[in-house]
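What's in my_file07.txt: compact mmCIF, C-alpha atoms
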# COMPACT_ATOMS: atom_id res chain seq x y z
CA MET A 21 20.28 60.28 296.68
CA LYS A 22 18.75 56.93 295.70
CA ARG A 23 20.81 56.94 292.52
CA ILE A 24 24.01 57.53 294.53
CA VAL A 25 23.21 54.66 296.91
CA SER A 26 22.32 52.38 294.01
CA ARG A 27 25.52 53.20 292.20
CA CYS A 28 27.59 52.58 295.35
CA CYS A 29 25.92 49.18 295.83
CA ASN A 30 26.61 48.23 292.24
CA GLU A 31 30.25 49.16 292.63
CA LEU A 32 30.54 47.10 295.82
CA ILE A 33 28.91 44.11 294.17
CA THR A 34 31.22 44.44 291.15
CA ARG A 35 34.28 44.68 293.38
CA GLY A 36 33.11 41.65 295.35
CA VAL A 37 32.65 39.59 292.20
CA LEU A 38 36.08 40.62 290.96
CA SER A 39 37.65 39.74 294.33
CA VAL A 40 36.08 36.28 294.28
CA ALA A 41 37.16 35.74 290.67
CA PHE A 42 40.71 36.84 291.48
CA ALA A 43 40.83 34.50 294.48
CA LEU A 44 39.63 31.60 292.35
CA LEU A 45 42.28 32.46 289.77
CA LEU A 46 44.99 32.38 292.45
CA VAL A 47 43.78 28.97 293.64
CA ALA A 48 43.75 27.66 290.07
CA CYS A 49 47.26 28.97 289.47
CA SER A 50 48.37 27.40 292.74
CA ASP A 51 46.92 24.06 291.63
CA VAL A 52 48.68 24.27 288.26
CA THR A 53 51.95 25.13 289.97
CA SER A 54 51.50 22.19 292.32
CA GLU A 55 50.78 19.85 289.40
CA ASN A 56 53.79 21.14 287.48
CA GLN A 57 55.99 20.57 290.51
CA GLU A 58 54.82 16.96 290.57
CA GLU A 59 55.41 16.55 286.86
CA LEU A 60 58.78 18.31 286.90
CA PRO A 61 60.89 16.59 289.56
CA SER A 62 64.36 17.80 290.41
CA GLY A 63 67.25 16.62 292.52
CA LYS A 64 67.85 13.04 293.59
CA ILE A 65 64.99 10.63 292.97
CA SER A 66 64.55 6.88 293.30
CA ILE A 67 65.04 4.49 290.41
CA ALA A 68 61.33 3.64 290.59
CA HIS A 69 60.47 7.35 290.25
CA LEU A 70 62.82 7.69 287.28
CA LYS A 71 60.96 4.91 285.48
CA THR A 72 57.69 6.82 285.80
CA LEU A 73 59.14 9.53 283.53
CA ALA A 74 58.98 7.15 280.55
CA ARG A 75 56.19 8.31 278.22
CA ASP A 76 56.94 6.31 275.06
CA ILE A 77 59.14 3.47 273.83
CA SER A 78 61.96 6.05 273.91
CA THR A 79 61.83 9.09 276.22
CA THR A 80 64.52 11.75 276.58
CA ILE A 81 64.78 12.97 280.17
CA VAL A 82 64.47 16.76 280.32
CA HIS A 83 64.34 17.05 284.11
CA ASP A 84 67.32 17.92 286.29
CA VAL A 85 67.24 14.65 288.22
CA ALA A 86 69.77 12.12 289.48
CA ILE A 87 69.57 8.56 290.75
CA GLU A 88 71.92 6.79 293.13
CA GLY A 89 72.38 3.07 293.47
CA TYR A 90 74.85 0.25 293.90
CA VAL A 91 76.29 -1.87 291.10
CA VAL A 92 74.94 -5.41 291.10
CA ALA A 93 75.86 -6.47 287.55
CA ASN A 94 78.67 -5.75 285.10
CA ASP A 95 80.97 -7.72 282.80
CA LEU A 96 82.94 -9.35 285.63
CA TYR A 97 82.18 -12.84 284.29
CA GLY A 98 81.16 -11.72 280.81
CA GLU A 99 77.49 -11.95 281.78
CA TYR A 100 76.58 -8.39 280.77
CA TYR A 101 77.96 -6.82 277.60
CA LYS A 102 78.50 -3.04 277.66
CA SER A 103 75.95 -2.48 280.38
CA ILE A 104 75.64 -2.35 284.14
CA VAL A 105 72.73 -2.72 286.55
CA LEU A 106 72.19 -0.37 289.49
CA CYS A 107 69.84 -1.07 292.40
CA ASP A 108 68.46 1.08 295.19
CA GLU A 109 65.75 0.45 297.76
CA SER A 110 63.04 0.91 295.12
CA GLY A 111 64.37 -1.43 292.44
CA GLY A 112 66.95 -1.63 289.68
CA ILE A 113 67.70 -0.42 286.17
CA GLU A 114 70.07 -1.44 283.39
CA ILE A 115 72.33 1.29 281.99
CA SER A 116 73.81 0.96 278.51
CA VAL A 117 77.45 2.12 278.41
CA ASP A 118 80.06 2.01 275.66
CA ALA A 119 82.84 0.35 277.63
CA ASP A 120 84.48 -3.08 277.47
CA ASP A 121 85.72 -3.09 281.08
CA THR A 122 82.70 -2.21 283.17
CA ALA A 123 83.97 -4.44 285.99
CA GLN A 124 86.90 -2.03 286.35
CA GLN A 125 85.05 1.24 285.85
CA PHE A 126 81.88 0.23 287.71
CA PRO A 127 82.92 -2.43 290.27
CA ILE A 128 80.35 -4.61 291.99
CA SER A 129 78.95 -2.89 295.14
CA ALA A 130 80.29 0.55 294.13
CA ARG A 131 77.93 3.46 294.73
CA VAL A 132 77.11 5.26 291.48
CA THR A 133 75.30 8.57 291.07
CA VAL A 134 73.84 9.17 287.61
CA GLN A 135 72.93 12.65 286.33
CA CYS A 136 69.98 11.76 284.12
CA ASN A 137 69.21 15.04 282.34
CA SER A 138 69.55 14.52 278.53
CA LEU A 139 69.82 10.74 278.87
CA ALA A 140 66.98 8.55 277.58
CA LEU A 141 64.77 5.70 278.76
CA GLY A 142 64.05 2.91 276.29
CA ASP A 143 61.17 0.50 276.83
CA TYR A 144 62.29 -2.94 275.63
CA GLY A 145 59.11 -4.98 275.96
CA GLY A 146 58.44 -3.90 279.53
CA ALA A 147 62.06 -3.54 280.68
CA LEU A 148 63.31 0.06 280.84
CA VAL A 149 66.94 0.70 279.94
CA LEU A 150 68.75 3.99 280.59
CA GLY A 151 71.18 5.23 277.96
CA ALA A 152 72.13 8.05 275.63
CA GLN A 153 69.62 9.68 273.30
CA PRO A 154 69.00 7.44 270.27
CA THR A 155 70.55 8.41 266.94
CA GLY A 156 69.48 5.43 264.86
CA GLU A 157 67.49 2.22 265.09
CA TYR A 158 67.90 1.59 268.83
CA LEU A 159 65.63 2.98 271.53
CA VAL A 160 68.68 4.24 273.43
CA ASP A 161 72.33 4.48 272.48
CA ARG A 162 75.21 3.53 274.74
CA VAL A 163 76.60 6.34 276.88
CA ALA A 164 79.96 7.19 275.29
CA GLU A 165 83.00 6.66 277.47
CA ARG A 166 84.07 10.29 276.90
CA ASP A 167 80.83 11.34 278.64
CA PHE A 168 81.24 9.18 281.74
CA GLU A 169 82.50 12.06 283.89
CA ARG A 170 79.52 14.15 282.84
CA TYR A 171 76.91 11.58 283.81
CA PHE A 172 78.49 9.21 286.36
CA SER A 173 80.07 9.66 289.76
CA VAL A 174 81.53 6.38 291.03
CA ASP A 175 82.33 5.96 294.72
CA VAL A 176 84.36 2.84 295.50
CA ALA A 177 85.25 3.97 299.03
CA ASN A 178 81.80 3.25 300.41
CA PRO A 179 80.70 -0.03 298.77
CA ARG A 180 77.53 -1.81 299.74
CA GLN A 181 76.52 -5.30 298.75
CA VAL A 182 72.91 -5.42 297.59
CA GLU A 183 71.09 -8.41 299.02
CA PRO A 184 68.78 -10.25 296.62
CA VAL A 185 65.06 -10.53 297.28
CA LYS A 186 64.07 -14.13 297.99
CA ILE A 187 61.09 -15.12 295.84
CA THR A 188 59.63 -18.11 293.99
CA ILE A 189 59.15 -18.42 290.24
CA ALA A 190 55.39 -18.13 290.72
CA GLU A 191 55.85 -14.76 292.44
CA LEU A 192 57.68 -13.11 289.54
CA SER A 193 55.92 -9.90 288.48
CA ALA A 194 56.53 -6.59 286.72
CA GLN A 195 57.81 -5.02 289.94
CA HIS A 196 60.78 -7.43 289.88
CA ILE A 197 62.08 -6.34 286.45
CA HIS A 198 65.80 -5.46 286.81
CA ASN A 199 65.65 -6.45 290.46
CA PHE A 200 68.14 -8.78 292.08
CA VAL A 201 66.36 -11.97 293.19
CA PHE A 202 67.25 -15.28 294.81
CA ILE A 203 65.31 -18.44 293.95
CA GLU A 204 65.83 -21.65 295.87
CA ASP A 205 64.98 -25.31 295.35
CA VAL A 206 65.16 -25.26 291.55
CA THR A 207 66.54 -27.71 289.01
CA PHE A 208 67.69 -27.76 285.40
CA GLY A 209 66.28 -31.26 284.95
CA GLU A 210 67.36 -33.06 281.79
CA GLN A 211 69.57 -30.12 280.76
CA ALA A 212 72.08 -31.13 283.44
CA GLY A 213 75.43 -32.03 281.90
CA LEU A 214 74.92 -29.89 278.77
CA ALA A 215 77.14 -26.87 278.26
CA TRP A 216 75.61 -23.64 279.51
CA CYS A 217 75.70 -22.24 275.98
CA GLU A 218 75.22 -23.86 272.59
CA LYS A 219 77.60 -23.30 269.67
CA ASP A 220 76.93 -21.69 266.34
CA ALA A 221 77.07 -24.41 263.68
CA GLU A 222 79.00 -22.21 261.24
CA THR A 223 81.42 -20.34 263.49
CA ASP A 224 81.72 -22.94 266.28
CA GLU A 225 81.48 -20.05 268.75
CA PHE A 226 79.31 -20.06 271.84
CA ILE A 227 76.06 -18.15 271.42
CA THR A 228 73.54 -16.69 273.85
CA THR A 229 71.33 -19.56 274.98
CA GLU A 230 68.16 -19.92 277.01
CA ARG A 231 67.91 -22.73 279.52
CA CYS A 232 64.98 -23.54 281.78
CA LEU A 233 64.65 -23.68 285.57
CA TRP A 234 61.92 -25.67 287.30
CA GLU A 235 60.54 -25.64 290.81
CA ARG A 236 59.23 -28.84 292.38
CA SER A 237 55.73 -27.48 291.84
CA GLY A 238 56.31 -27.50 288.08
CA GLN A 239 56.58 -23.71 287.73
CA SER A 240 59.35 -22.77 285.29
CA VAL A 241 61.24 -19.73 284.03
CA LYS A 242 63.80 -19.23 281.28
CA LEU A 243 67.39 -18.47 282.13
CA ARG A 244 69.35 -16.45 279.55
CA ILE A 245 73.11 -17.03 279.39
CA LEU A 246 75.32 -14.87 277.18
CA GLY A 247 77.72 -16.70 274.89
CA SER A 248 80.43 -14.33 276.12
CA CYS A 249 80.24 -15.52 279.74
CA ASP A 250 83.34 -17.15 281.22
CA TYR A 251 81.55 -20.44 281.95
CA ALA A 252 79.78 -20.90 278.59
CA SER A 253 81.49 -24.27 277.99
CA GLU A 254 81.03 -25.63 281.51
CA PRO A 255 78.34 -28.26 282.28
CA ILE A 256 75.00 -27.34 283.79
CA PRO A 257 74.78 -28.76 287.34
CA SER A 258 72.42 -31.55 288.30
CA GLY A 259 70.08 -31.89 291.24
CA TYR A 260 68.41 -29.04 293.09
CA GLY A 261 69.99 -25.78 294.12
CA ALA A 262 69.61 -21.99 294.07
CA VAL A 263 70.39 -19.11 291.73
CA ALA A 264 70.82 -15.36 292.25
CA ALA A 265 69.81 -13.46 289.15
CA MET A 266 68.42 -10.31 287.58
CA VAL A 267 64.86 -10.36 286.29
CA GLU A 268 64.35 -9.22 282.70
CA CYS A 269 61.39 -9.13 280.38
CA PHE A 270 61.21 -9.98 276.69
CA GLY A 271 57.90 -9.78 274.85
CA GLY A 272 55.99 -9.87 278.10
CA GLU A 273 57.80 -13.00 279.35
CA TYR A 274 60.03 -12.95 282.42
CA VAL A 275 63.59 -14.17 281.94
CA LEU A 276 66.40 -14.52 284.47
CA ARG A 277 70.03 -13.49 283.98
CA ILE A 278 72.67 -15.03 286.24
CA ILE A 279 74.99 -12.40 287.70
CA ASN A 280 78.39 -12.83 289.36
CA ARG A 281 78.20 -16.55 288.71
CA ASN A 282 75.76 -16.95 291.61
CA ILE A 283 74.78 -20.57 291.03
CA VAL A 284 74.72 -22.75 294.17
CA PHE A 285 74.15 -26.47 293.50

Please render this file's structure as structure tokens.
Amino acid sequence: MKRIVSRCCNELITRGVLSVAFALLLVACSDVTSENQEELPSGKISIAHLKTLARDISTTIVHDVAIEGYVVANDLYGEYYKSIVLCDESGGIEISVDADDTAQQFPISARVTVQCNSLALGDYGGALVLGAQPTGEYLVDRVAERDFERYFSVDVANPRQVEPVKITIAELSAQHIHNFVFIEDVTFGEQAGLAWCEKDAETDEFITTERCLWERSGQSVKLRILGSCDYASEPIPSGYGAVAAMVECFGGEYVLRIINRNIVF
């Protein structure tokens, strides 16, 4: 009789241990599933969330995700070459596209939905650019025009003008990269009267040039102007005024890019 009772107790203890172990296993599996769900997003996400998927200088997106934003920069004035910039409430991102008429295909203020699966994020010195998977020396390739219907949905019937964030030069930070900003009370100083862009000595063609903006406090930031812009030969204004621009980053240094000729002096 004692042996029977002892054996029954042992069996109960064994079953209890197994039940606890099984329960712990279920909790562990639940935690892993929860973590995987966080690491494997799906559906529409913010631009800021998309940027968190970058794991290297070039990262192919393998998640079934999409972003939606409004066009704030294209080649309307020749300021952006074969690229556009989208912004949503969380920030902005530059998208590399193989098209010469982005102002027509991606008009300013148009709402654009981008299916990101199989596209790639390239980290250019702190500025993330979205494009096609790289095939050569570049971190991302341009999205081929034949693939536009696959990746882009452009809605021009419900445009929305993105308002720039008003900041000072001193306030520029990593969170502003590819964001649309407005900076007031700035001057070009002694550069006033010079052409926006310098010329190549051999070809006599305008080239991309960096100018400098100063606040009254002495804080300064570089302003990058593409040689292809429509106003490359025009004189830089004098006095104090305001600029609306995109924030970029090269080698850890913040640089502004004028968009839509938003220079008010």

Among A:Asp76, A:Asp108, A:Glu165, A:Glu99, Phe200 of chain A is approached most closely, using only C-alpha atoms, by A:Asp108

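Shortest atom-to-atom contact with Gly112 of chain A among A:Thr229, A:Thr223, A:Ser240, A:Asn199: A:Asn199, counting all atoms listed in the file.
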
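Each of A:Val105, A:Met266, A:Leu233, A:Cys249 was compared to Lys186 of chain A using all atoms listed in the file, and A:Met266 turns out to be the nearest.
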
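The nearest approach to Ser253 of chain A among the residues A:Phe172, A:Tyr274, A:Phe208, A:Trp216, with only C-alpha atoms taken into account, belongs to A:Trp216.
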
Name all residues at most 10 Å from Val174 of chain A (count all atoms listed in the file; drop same-chain ones fewer than 6 positions away) and give them as an MDAnalysis selection string.
-> chainID A and resid 88 90:91 125:127 130:134 168
